[in-house]
>>> print(open('upload_10.txt').read())   # compact mmCIF, C-alpha atoms
# COMPACT_ATOMS: atom_id res chain seq x y z
CA MET A 1 -34.34 0.36 -17.80
CA SER A 2 -30.60 1.06 -18.02
CA GLN A 3 -27.95 1.40 -15.34
CA CYS A 4 -25.51 4.25 -14.76
CA PRO A 5 -21.97 2.90 -15.47
CA VAL A 6 -20.61 4.74 -12.43
CA CYS A 7 -23.06 4.17 -9.55
CA SER A 8 -25.42 1.53 -11.09
CA THR A 9 -28.53 3.66 -10.55
CA GLU A 10 -31.34 2.52 -12.85
CA TYR A 11 -32.81 5.15 -15.18
CA ILE A 12 -35.11 5.49 -18.17
CA GLU A 13 -33.07 6.24 -21.28
CA GLN A 14 -35.61 8.51 -22.94
CA GLY A 15 -35.19 12.07 -21.76
CA THR A 16 -32.39 11.34 -19.25
CA THR A 17 -29.16 13.25 -19.85
CA HIS A 18 -27.43 12.89 -16.46
CA CYS A 19 -27.57 10.32 -13.68
CA PRO A 20 -29.91 11.57 -10.92
CA THR A 21 -27.61 10.06 -8.26
CA CYS A 22 -24.01 10.78 -9.23
CA GLY A 23 -24.46 13.28 -12.10
CA TRP A 24 -22.63 11.22 -14.75
CA ASP A 25 -23.31 12.34 -18.34
CA LEU A 26 -25.58 9.69 -19.89
CA THR A 27 -26.09 11.35 -23.25
CA PRO A 28 -25.50 8.65 -25.91
CA TYR A 29 -23.40 9.26 -28.99
CA PRO A 30 -25.25 9.19 -32.33
CA LEU A 31 -25.41 5.71 -33.85
CA THR A 32 -23.63 6.96 -36.96
CA PHE A 33 -20.72 8.41 -34.97
CA GLU A 34 -17.66 6.21 -34.55
CA LEU A 35 -15.35 7.16 -31.68
CA PRO A 36 -11.62 7.26 -32.49
CA GLU A 37 -9.67 4.58 -30.63
CA SER A 38 -7.58 7.15 -28.72
CA PHE A 39 -10.75 8.89 -27.53
CA GLN A 40 -12.30 5.56 -26.49
CA LYS A 41 -9.29 4.89 -24.28
CA LYS A 42 -9.57 8.34 -22.69
CA GLU A 43 -13.29 7.81 -22.07
CA GLN A 44 -12.62 4.41 -20.49
CA ALA A 45 -9.95 5.90 -18.23
CA ARG A 46 -12.35 8.69 -17.26
CA LEU A 47 -15.02 6.13 -16.40
CA VAL A 48 -12.60 4.12 -14.23
CA TRP A 49 -11.60 7.33 -12.43
CA ALA A 50 -15.25 8.29 -11.87
CA LYS A 51 -16.07 4.86 -10.42
CA GLU A 52 -13.15 5.13 -8.00
CA ILE A 53 -14.21 8.62 -6.88
CA TRP A 54 -17.79 7.43 -6.38
CA GLN A 55 -16.65 4.45 -4.31
CA GLN A 56 -14.44 6.71 -2.17
CA LYS A 57 -17.37 9.08 -1.67
CA GLN A 58 -19.60 6.22 -0.55
CA GLN A 59 -16.91 4.96 1.81
CA ILE A 60 -16.43 8.40 3.32
CA SER A 61 -20.20 8.76 3.79
CA ALA A 62 -20.31 5.42 5.59
CA GLU A 63 -17.40 6.41 7.85
CA LEU A 64 -19.07 9.72 8.68
CA SER A 65 -22.27 7.87 9.59
CA GLN A 66 -20.27 5.66 11.94
CA LEU A 67 -18.63 8.72 13.45
CA LYS A 68 -22.04 10.32 14.14
CA GLU A 69 -23.20 7.13 15.86
CA ILE A 70 -20.13 7.01 18.08
CA GLN A 71 -19.94 10.68 19.10
CA PRO A 72 -22.81 10.60 21.65
CA LYS A 73 -21.08 7.72 23.45
CA GLN A 74 -17.70 9.43 23.87
CA ALA A 75 -18.16 9.79 27.63
CA ASN A 76 -18.34 6.00 28.03
CA ILE A 77 -15.38 5.07 25.83
CA SER A 78 -12.85 4.90 28.67
CA CYS A 79 -14.89 2.35 30.61
CA GLN A 80 -16.20 0.50 27.55
CA PRO A 81 -13.19 0.07 25.23
CA LYS A 82 -15.03 -2.49 23.07
CA THR A 83 -17.23 0.31 21.77
CA LEU A 84 -14.40 1.47 19.53
CA ILE A 85 -13.78 -2.02 18.18
CA SER A 86 -17.41 -2.74 17.34
CA ASN A 87 -17.93 0.76 15.91
CA PRO A 88 -14.43 1.80 14.89
CA ILE A 89 -13.46 5.29 13.81
CA THR A 90 -11.35 4.18 10.88
CA TRP A 91 -11.24 7.26 8.70
CA LEU A 92 -10.06 10.83 9.27
CA PRO A 93 -10.86 13.96 7.26
CA GLY A 94 -8.19 15.19 4.87
CA ASN A 95 -6.11 13.95 1.95
CA LEU A 96 -3.18 11.56 2.15
CA LYS A 97 -0.37 13.25 0.23
CA ILE A 98 2.02 10.62 -1.09
CA TYR A 99 5.51 11.06 -2.50
CA GLU A 100 7.97 8.55 -3.88
CA PHE A 101 11.54 7.78 -4.82
CA SER A 102 13.31 4.74 -6.23
CA ILE A 103 16.68 3.04 -6.37
CA GLY A 104 19.14 4.13 -9.05
CA PHE A 105 20.40 1.66 -11.66
CA VAL A 106 23.08 2.17 -14.34
CA ASN A 107 23.13 1.11 -17.99
CA ILE A 108 19.51 -0.01 -18.23
CA GLN A 109 18.87 -1.74 -21.56
CA PHE A 110 16.63 -4.33 -23.15
CA SER A 111 18.31 -7.73 -23.50
CA GLN A 112 17.42 -9.78 -26.57
CA ILE A 113 19.00 -12.78 -24.85
CA TYR A 114 16.90 -12.64 -21.69
CA ARG A 115 13.91 -10.94 -23.34
CA ARG A 116 13.59 -8.38 -20.55
CA TRP A 117 15.06 -5.12 -19.31
CA ILE A 118 18.31 -5.53 -17.39
CA THR A 119 20.82 -3.30 -15.64
CA GLY A 120 24.58 -2.96 -15.56
CA GLY A 121 24.47 -2.58 -11.78
CA ILE A 122 23.23 -0.55 -8.84
CA GLY A 123 23.87 3.18 -8.79
CA GLU A 124 22.67 5.33 -5.91
CA LYS A 125 20.43 3.88 -3.20
CA ILE A 126 18.25 6.92 -3.76
CA GLY A 127 17.91 7.59 -7.47
CA GLN A 128 14.90 9.41 -8.89
CA TYR A 129 12.37 11.20 -6.71
CA ASN A 130 9.36 13.47 -7.21
CA HIS A 131 9.67 15.51 -3.99
CA PRO A 132 12.56 16.53 -1.73
CA ILE A 133 13.28 13.64 0.63
CA PRO A 134 13.57 14.37 4.36
CA GLU A 135 17.03 13.77 5.82
CA LYS A 136 15.63 11.25 8.33
CA ILE A 137 14.38 9.05 5.50
CA LYS A 138 17.62 9.40 3.53
CA LEU A 139 19.61 8.33 6.59
CA ALA A 140 17.43 5.24 7.14
CA VAL A 141 17.79 4.16 3.51
CA ASN A 142 21.54 4.69 3.49
CA GLN A 143 21.87 2.74 6.75
CA ASP A 144 20.08 -0.24 5.09
CA TYR A 145 16.98 -0.08 7.28
CA PHE A 146 14.88 -1.22 4.29
CA GLN A 147 17.37 -3.49 2.56
CA ILE A 148 17.04 -7.18 1.80
CA ASN A 149 20.02 -9.26 0.77
CA CYS A 150 20.47 -8.56 -2.94
CA ASN A 151 20.93 -12.28 -3.67
CA TYR A 152 17.47 -13.10 -2.30
CA PRO A 153 14.97 -10.78 -4.01
CA PRO A 154 11.34 -11.82 -4.48
CA THR A 155 10.81 -14.29 -7.32
CA ASN A 156 7.97 -15.29 -9.67
CA ASN A 157 6.83 -11.69 -10.07
CA GLU A 158 6.09 -11.40 -6.33
CA VAL A 159 6.82 -8.42 -4.12
CA ALA A 160 8.27 -7.96 -0.67
CA LEU A 161 6.91 -5.10 1.43
CA ILE A 162 8.90 -3.29 4.10
CA ALA A 163 7.41 -0.53 6.24
CA ARG A 164 8.68 1.77 8.94
CA ASP A 165 7.62 4.84 10.89
CA ILE A 166 10.42 7.36 11.39
CA ASP A 167 9.14 10.06 13.73
CA GLU A 168 6.57 12.06 11.74
CA TYR A 169 7.16 10.12 8.51
CA SER A 170 5.79 6.79 7.29
CA ILE A 171 7.52 4.82 4.52
CA LEU A 172 6.43 1.78 2.51
CA ALA A 173 9.09 0.08 0.36
CA VAL A 174 8.00 -2.22 -2.46
CA VAL A 175 10.76 -4.65 -3.43
CA THR A 176 10.82 -6.69 -6.64
CA GLY A 177 13.33 -8.97 -8.30
CA GLU A 178 15.30 -7.96 -11.40
CA ILE A 179 18.48 -9.25 -13.08
CA ASP A 180 21.75 -7.66 -14.10
CA ASN A 181 23.64 -8.12 -17.35
CA LYS A 182 25.15 -11.37 -16.03
CA ASN A 183 21.70 -12.81 -15.27
CA LEU A 184 22.30 -12.49 -11.54
CA PRO A 185 19.40 -11.57 -9.22
CA ILE A 186 19.14 -8.00 -8.02
CA ALA A 187 16.59 -6.23 -5.82
CA ALA A 188 14.71 -3.16 -7.05
CA TYR A 189 13.10 -0.71 -4.63
CA ARG A 190 10.31 1.78 -5.05
CA TYR A 191 9.50 3.79 -1.92
CA PHE A 192 6.26 5.59 -1.06
CA TRP A 193 6.19 7.96 1.87
CA THR A 194 3.98 10.48 3.60
CA GLU A 195 4.03 12.84 6.55
CA LYS A 196 1.56 12.11 9.32
CA SER A 197 -0.64 15.18 9.19
CA HIS A 198 -3.31 14.28 11.74
CA PRO A 199 -3.24 13.05 15.36
CA GLY A 200 -4.27 9.42 15.43
CA MET A 201 -3.38 8.84 11.78
CA ASP A 202 -1.91 5.45 10.85
CA GLY A 203 0.59 6.53 8.21
CA ILE A 204 1.80 3.09 7.17
CA GLY A 205 -1.71 1.68 7.12
CA SER A 206 -2.91 4.57 4.97
CA LEU A 207 -0.02 4.00 2.53
CA LEU A 208 -0.71 0.27 2.43
CA LEU A 209 -4.40 0.69 1.64
CA TRP A 210 -3.60 3.35 -0.97
CA TRP A 211 -1.10 0.95 -2.58
CA PHE A 212 -3.66 -1.84 -2.82
CA ARG A 213 -6.31 0.45 -4.27
CA ASN A 214 -3.99 1.91 -6.91
CA ASN A 215 -3.02 -1.36 -8.62
CA GLN A 216 -0.03 -2.05 -6.36
CA PRO A 217 2.62 0.02 -8.19
CA ARG A 218 6.16 -1.36 -8.23
CA PHE A 219 9.54 -0.56 -9.77
CA LEU A 220 9.61 -0.59 -13.58
CA MET A 221 13.06 -1.24 -14.97
CA ASN A 222 12.15 -0.16 -18.51
CA LYS A 223 10.93 3.31 -17.54
CA ASP A 224 13.02 6.46 -17.49
CA SER A 225 11.17 7.49 -14.35
CA ASN A 226 9.21 5.64 -11.69
CA THR A 227 8.51 8.92 -9.96
CA LYS A 228 5.36 10.65 -11.10
CA LYS A 229 2.78 12.76 -9.35
CA LEU A 230 0.64 10.35 -7.35
CA PRO A 231 -3.07 10.55 -6.56
CA ASN A 232 -4.02 11.40 -3.00
CA GLY A 233 -5.44 8.78 -0.66
CA LEU A 234 -7.53 8.59 2.48
CA LEU A 235 -6.33 8.97 6.06
CA TYR A 236 -6.94 5.86 8.17
CA THR A 237 -6.56 5.15 11.86
CA SER A 238 -5.20 1.92 13.30
CA LYS A 239 -8.78 0.88 14.11
CA TYR A 240 -9.28 -0.10 10.49
CA PHE A 241 -6.96 -3.05 11.02
CA GLU A 242 -8.82 -4.48 14.02
CA GLN A 243 -10.70 -6.67 11.52
CA TYR A 244 -7.45 -8.62 10.96
CA TYR A 245 -6.82 -9.30 14.64
CA SER A 246 -8.07 -12.89 14.40
CA GLU A 247 -5.06 -13.65 12.17
CA ILE A 248 -2.54 -12.67 14.82
CA ALA A 249 -4.35 -12.94 18.19
CA GLU A 250 -2.55 -16.09 19.34
CA ILE A 251 0.78 -14.88 17.97
CA PHE A 252 0.43 -11.56 19.78
CA GLN A 253 -0.24 -13.27 23.10
CA GLN A 254 2.93 -15.33 22.69
CA SER A 255 5.20 -12.63 21.22
CA ASN A 256 7.75 -12.37 24.01
CA SER A 257 10.84 -11.97 21.83
CA LEU A 258 11.56 -9.47 19.09
CA PRO A 259 11.57 -9.42 16.21
CA CYS A 260 8.43 -11.54 16.06
CA LEU A 261 9.09 -14.11 13.33
CA LEU A 262 6.18 -15.51 11.30
CA THR A 263 6.25 -18.06 8.51
CA ILE A 264 3.94 -17.29 5.61
CA LYS A 265 1.80 -20.23 4.58
CA LYS A 266 0.60 -20.18 0.98
CA THR A 267 -2.24 -22.26 -0.44
CA ASN A 268 -4.29 -22.06 -3.61
CA THR A 269 -6.89 -19.94 -1.84
CA GLN A 270 -5.05 -17.82 0.71
CA ILE A 271 -1.82 -16.48 2.14
CA LEU A 272 -1.48 -16.19 5.93
CA PRO A 273 -0.52 -14.04 7.57
CA THR A 274 -1.57 -11.42 5.07
CA VAL A 275 0.39 -8.20 4.89
CA THR A 276 -2.55 -6.47 6.59
CA GLY A 277 -2.35 -9.03 9.39
CA CYS A 278 1.38 -8.32 9.63
CA HIS A 279 0.66 -4.61 10.04
CA CYS A 280 -2.06 -5.38 12.58
CA LEU A 281 0.46 -7.29 14.71
CA ALA A 282 2.96 -4.41 14.48
CA LEU A 283 0.25 -2.00 15.63
CA HIS A 284 -0.54 -4.15 18.67
CA LEU A 285 3.12 -4.42 19.58
CA HIS A 286 3.30 -0.63 19.33
CA ASP A 287 0.19 0.02 21.42
CA ASN A 288 0.71 -2.65 24.07
CA LYS A 289 4.47 -3.10 24.26
CA LYS A 290 5.64 0.35 23.13
CA GLN A 291 7.56 -1.02 20.16
CA PRO A 292 8.21 1.04 17.02
CA ILE A 293 6.14 0.21 13.94
CA SER A 294 8.60 -1.56 11.69
CA TRP A 295 7.80 -4.71 9.70
CA ALA A 296 8.89 -6.75 6.69
CA TRP A 297 6.62 -9.09 4.75
CA ASN A 298 7.50 -11.87 2.28
CA VAL A 299 11.25 -11.56 2.84
CA ASN A 300 13.91 -14.25 3.20
CA SER A 301 16.94 -12.16 4.04
CA LEU A 302 17.35 -8.71 5.60
CA VAL A 303 20.56 -6.75 5.95
CA ASN A 304 19.52 -5.44 9.39
CA SER A 305 16.89 -7.83 10.74
CA ASN A 306 17.30 -6.55 14.31
CA VAL A 307 15.69 -3.20 13.46
CA PHE A 308 12.26 -4.79 12.84
CA THR A 309 9.52 -5.79 15.25
CA VAL A 310 7.69 -8.17 12.86
CA ILE A 311 9.23 -10.26 10.06
CA CYS A 312 7.10 -12.50 7.83
CA THR A 313 9.05 -14.98 5.72
CA VAL A 314 8.27 -17.96 3.48
CA ASP A 315 11.41 -19.73 4.72
CA ASP A 316 11.06 -20.82 8.35
CA LYS A 317 14.85 -21.25 8.62
CA ALA A 318 15.81 -17.93 7.07
CA PHE A 319 16.22 -16.08 10.38
CA GLU A 320 17.34 -18.86 12.71
CA ASN A 321 20.31 -16.90 13.99
CA ILE A 322 18.44 -13.81 15.17
>>> encode(input="upload_10.txt", output="structure tokens")
Amino acid sequence: MSQCPVCSTEYIEQGTTHCPTCGWDLTPYPLTFELPESFQKKEQARLVWAKEIWQQKQQISAELSQLKEIQPKQANISCQPKTLISNPITWLPGNLKIYEFSIGFVNIQFSQIYRRWITGGIGEKIGQYNHPIPEKIKLAVNQDYFQINCNYPPTNNEVALIARDIDEYSILAVVTGEIDNKNLPIAAYRYFWTEKSHPGMDGIGSLLLWWFRNNQPRFLMNKDSNTKKLPNGLLYTSKYFEQYYSEIAEIFQQSNSLPCLLTIKKTNTQILPTVTGCHCLALHLHDNKKQPISWAWNVNSLVNSNVFTVICTVDDKAFENI
């Protein structure tokens, strides 16, 4: 017996041309035929894509099954709120359309001295983009609502994540550390944004899950463009993040002052709070204390720290003066 490389369904090789479950072409190439290397890479990429689509299909099927189980109990939801937590409606029908833009740098070149790509300095705060950017988002970027102090970018190939809802738009900024031509630290930004297209949609959460499931894209200094057409994602509700409530339950009960400051603890096996726990806390502050959804994770310095509701830092003294 063999297994389908996409869905792992077992099948008998003799006489089987397509997987009976997912439809993947199982026809083997002749033993005497040697695939060109370029074609092998394309086939491997196609297989990875097919696996991802199959997993998304299975996830959607599971969510729909949950939805069918919950629908008959709708009349009791108001008096039994725990029903939604134990059987959460976490997914919504439709495609998450994602756009992006990035910071502009000048005089990008490869340095033989530092053995990496460097820049001559910062250009425009909004450089390249793949879709017209709404004025509300432009204003927030230009007013430094996503900015960390340029002297304190993430180090050791880490990222900082900054997220904010602005009316009907949700934005996730991915910040990485680069250097300029004097070997001084500089922060690079790549922004992903979407328009909330469905009532009950968690825009930031949907962007965050898409980012994780698409290899966590970040700014690439050596590329002419960081702005390409992006694959669609799934639409999630805030109920998806209830599973992370245990991380922030005690913090939420004690969060009397804003922004809520958390110190990230890193060990060999885990990082707490996770960025998903950070978002979970922001959601609870929004739902229970009517605060805007606006958080920063893994940051040590923010230009405008007072415009956030949750800040997660690895330096417990970084925001003492807030």
>>> closest_residue(input="upload_10.txt", among="A:Leu47, A:Ile108, A:Leu161, A:Val6", to="Asn222 of chain A", atoms="all atoms listed in the file")
A:Ile108
>>> atom_distance(input="upload_10.txt", atom1="atom CA of Phe192 of chain A", atom2="atom CA of Ser305 of chain A")
20.8 Å
>>> closest_residue(input="upload_10.txt", among="A:Asp165, A:Glu100, A:Glu247, A:Glu320", to="Thr274 of chain A", atoms="only C-alpha atoms")
A:Glu247
>>> closest_residue(input="upload_10.txt", among="A:Asn256, A:Asn107, A:Asn95, A:Gln216", to="Glu195 of chain A", atoms="only C-alpha atoms")
A:Asn95
>>> closest_residue(input="upload_10.txt", among="A:Trp295, A:Phe252, A:Phe241, A:Tyr99", to="Phe308 of chain A", atoms="all atoms listed in the file")
A:Trp295
>>> axis_aligned_box(input="upload_10.txt", around="segment 165-172 of chain A", padding_each_side="6 Å", output="JSON")
{"center_x": 8.1, "center_y": 6.9, "center_z": 8.1, "size_x": 16.6, "size_y": 22.3, "size_z": 23.2}
>>> residues_near_point(input="upload_10.txt", point="(9.4, 15.5, 2.2)", cutoff="8 Å", atoms="all atoms listed in the file", output="MDAnalysis selection string")
chainID A and resid 99 131:134 194:195
>>> atom_distance(input="upload_10.txt", atom1="atom CA of Ile186 of chain A", atom2="atom CA of Val141 of chain A")
16.8 Å
>>> residues_around(input="upload_10.txt", residues="Pro20 of chain A", least_positions_apart="3", cutoff="9 Å", atoms="only C-alpha atoms", output="list in words")
Thr9, Tyr11, Thr16, Gly23 and Trp24 of chain A
>>> residues_around(input="upload_10.txt", residues="segment 135-138 of chain A", least_positions_apart="2", cutoff="8 Å", atoms="all atoms listed in the file", output="ChimeraX atom specification")
/A:126,133,140-142,166,169
>>> atom_distance(input="upload_10.txt", atom1="atom CA of Asn156 of chain A", atom2="atom CA of Thr176 of chain A")
9.6 Å
>>> residues_around(input="upload_10.txt", residues="Phe219 of chain A", least_positions_apart="3", cutoff="8 Å", atoms="all atoms listed in the file", output="list in words")
Ser102, Val174, Val175, Thr176, Ala188, Tyr189, Arg190 and Asn226 of chain A
>>> closest_residue(input="upload_10.txt", among="A:Asn298, A:Leu207, A:Gly121, A:Ser197", to="Pro185 of chain A", atoms="only C-alpha atoms")
A:Gly121
>>> decode(input="upload_10.txt", residues="segment 236-283 of chain A", atoms="C-alpha atoms", output="short mmCIF file (atom, residue, chain, number, x, y, z; two decimals), in the first residue's frame")
data_model
loop_
_atom_site.label_atom_id
_atom_site.label_comp_id
_atom_site.auth_asym_id
_atom_site.auth_seq_id
_atom_site.Cartn_x
_atom_site.Cartn_y
_atom_site.Cartn_z
CA TYR A 236 -11.73 34.33 11.83
CA THR A 237 -13.80 35.60 14.72
CA SER A 238 -12.41 36.56 18.11
CA LYS A 239 -13.69 33.24 19.48
CA TYR A 240 -10.70 31.49 17.95
CA PHE A 241 -8.47 33.15 20.53
CA GLU A 242 -10.45 31.98 23.57
CA GLN A 243 -8.05 29.01 23.70
CA TYR A 244 -5.30 31.44 24.80
CA TYR A 245 -7.29 32.95 27.65
CA SER A 246 -5.44 30.91 30.29
CA GLU A 247 -2.29 32.89 29.42
CA ILE A 248 -3.84 36.23 30.31
CA ALA A 249 -6.76 35.47 32.68
CA GLU A 250 -5.04 36.78 35.82
CA ILE A 251 -3.56 39.75 33.96
CA PHE A 252 -6.95 40.69 32.55
CA GLN A 253 -8.55 40.66 35.99
CA GLN A 254 -5.87 43.03 37.27
CA SER A 255 -5.58 45.31 34.22
CA ASN A 256 -6.79 48.55 35.75
CA SER A 257 -4.34 50.88 34.02
CA LEU A 258 -3.60 51.30 30.33
CA PRO A 259 -1.56 50.47 28.47
CA CYS A 260 -1.36 47.04 30.06
CA LEU A 261 2.37 46.27 30.30
CA LEU A 262 3.58 42.66 30.14
CA THR A 263 7.12 41.34 30.33
CA ILE A 264 7.88 38.51 27.93
CA LYS A 265 9.57 35.56 29.58
CA LYS A 266 11.67 33.40 27.27
CA THR A 267 12.88 29.88 28.02
CA ASN A 268 14.27 27.09 25.88
CA THR A 269 10.79 25.66 25.41
CA GLN A 270 8.37 28.60 25.36
CA ILE A 271 7.75 32.32 25.19
CA LEU A 272 5.00 33.81 27.36
CA PRO A 273 2.90 35.66 26.74
CA THR A 274 2.74 34.54 23.13
CA VAL A 275 1.68 37.03 20.51
CA THR A 276 -1.65 35.18 20.29
CA GLY A 277 -2.05 35.62 24.05
CA CYS A 278 -1.27 39.31 23.60
CA HIS A 279 -4.04 39.59 21.00
CA CYS A 280 -6.40 37.64 23.24
CA LEU A 281 -5.86 40.19 26.04
CA ALA A 282 -6.49 43.08 23.63
CA LEU A 283 -9.74 41.44 22.54
#
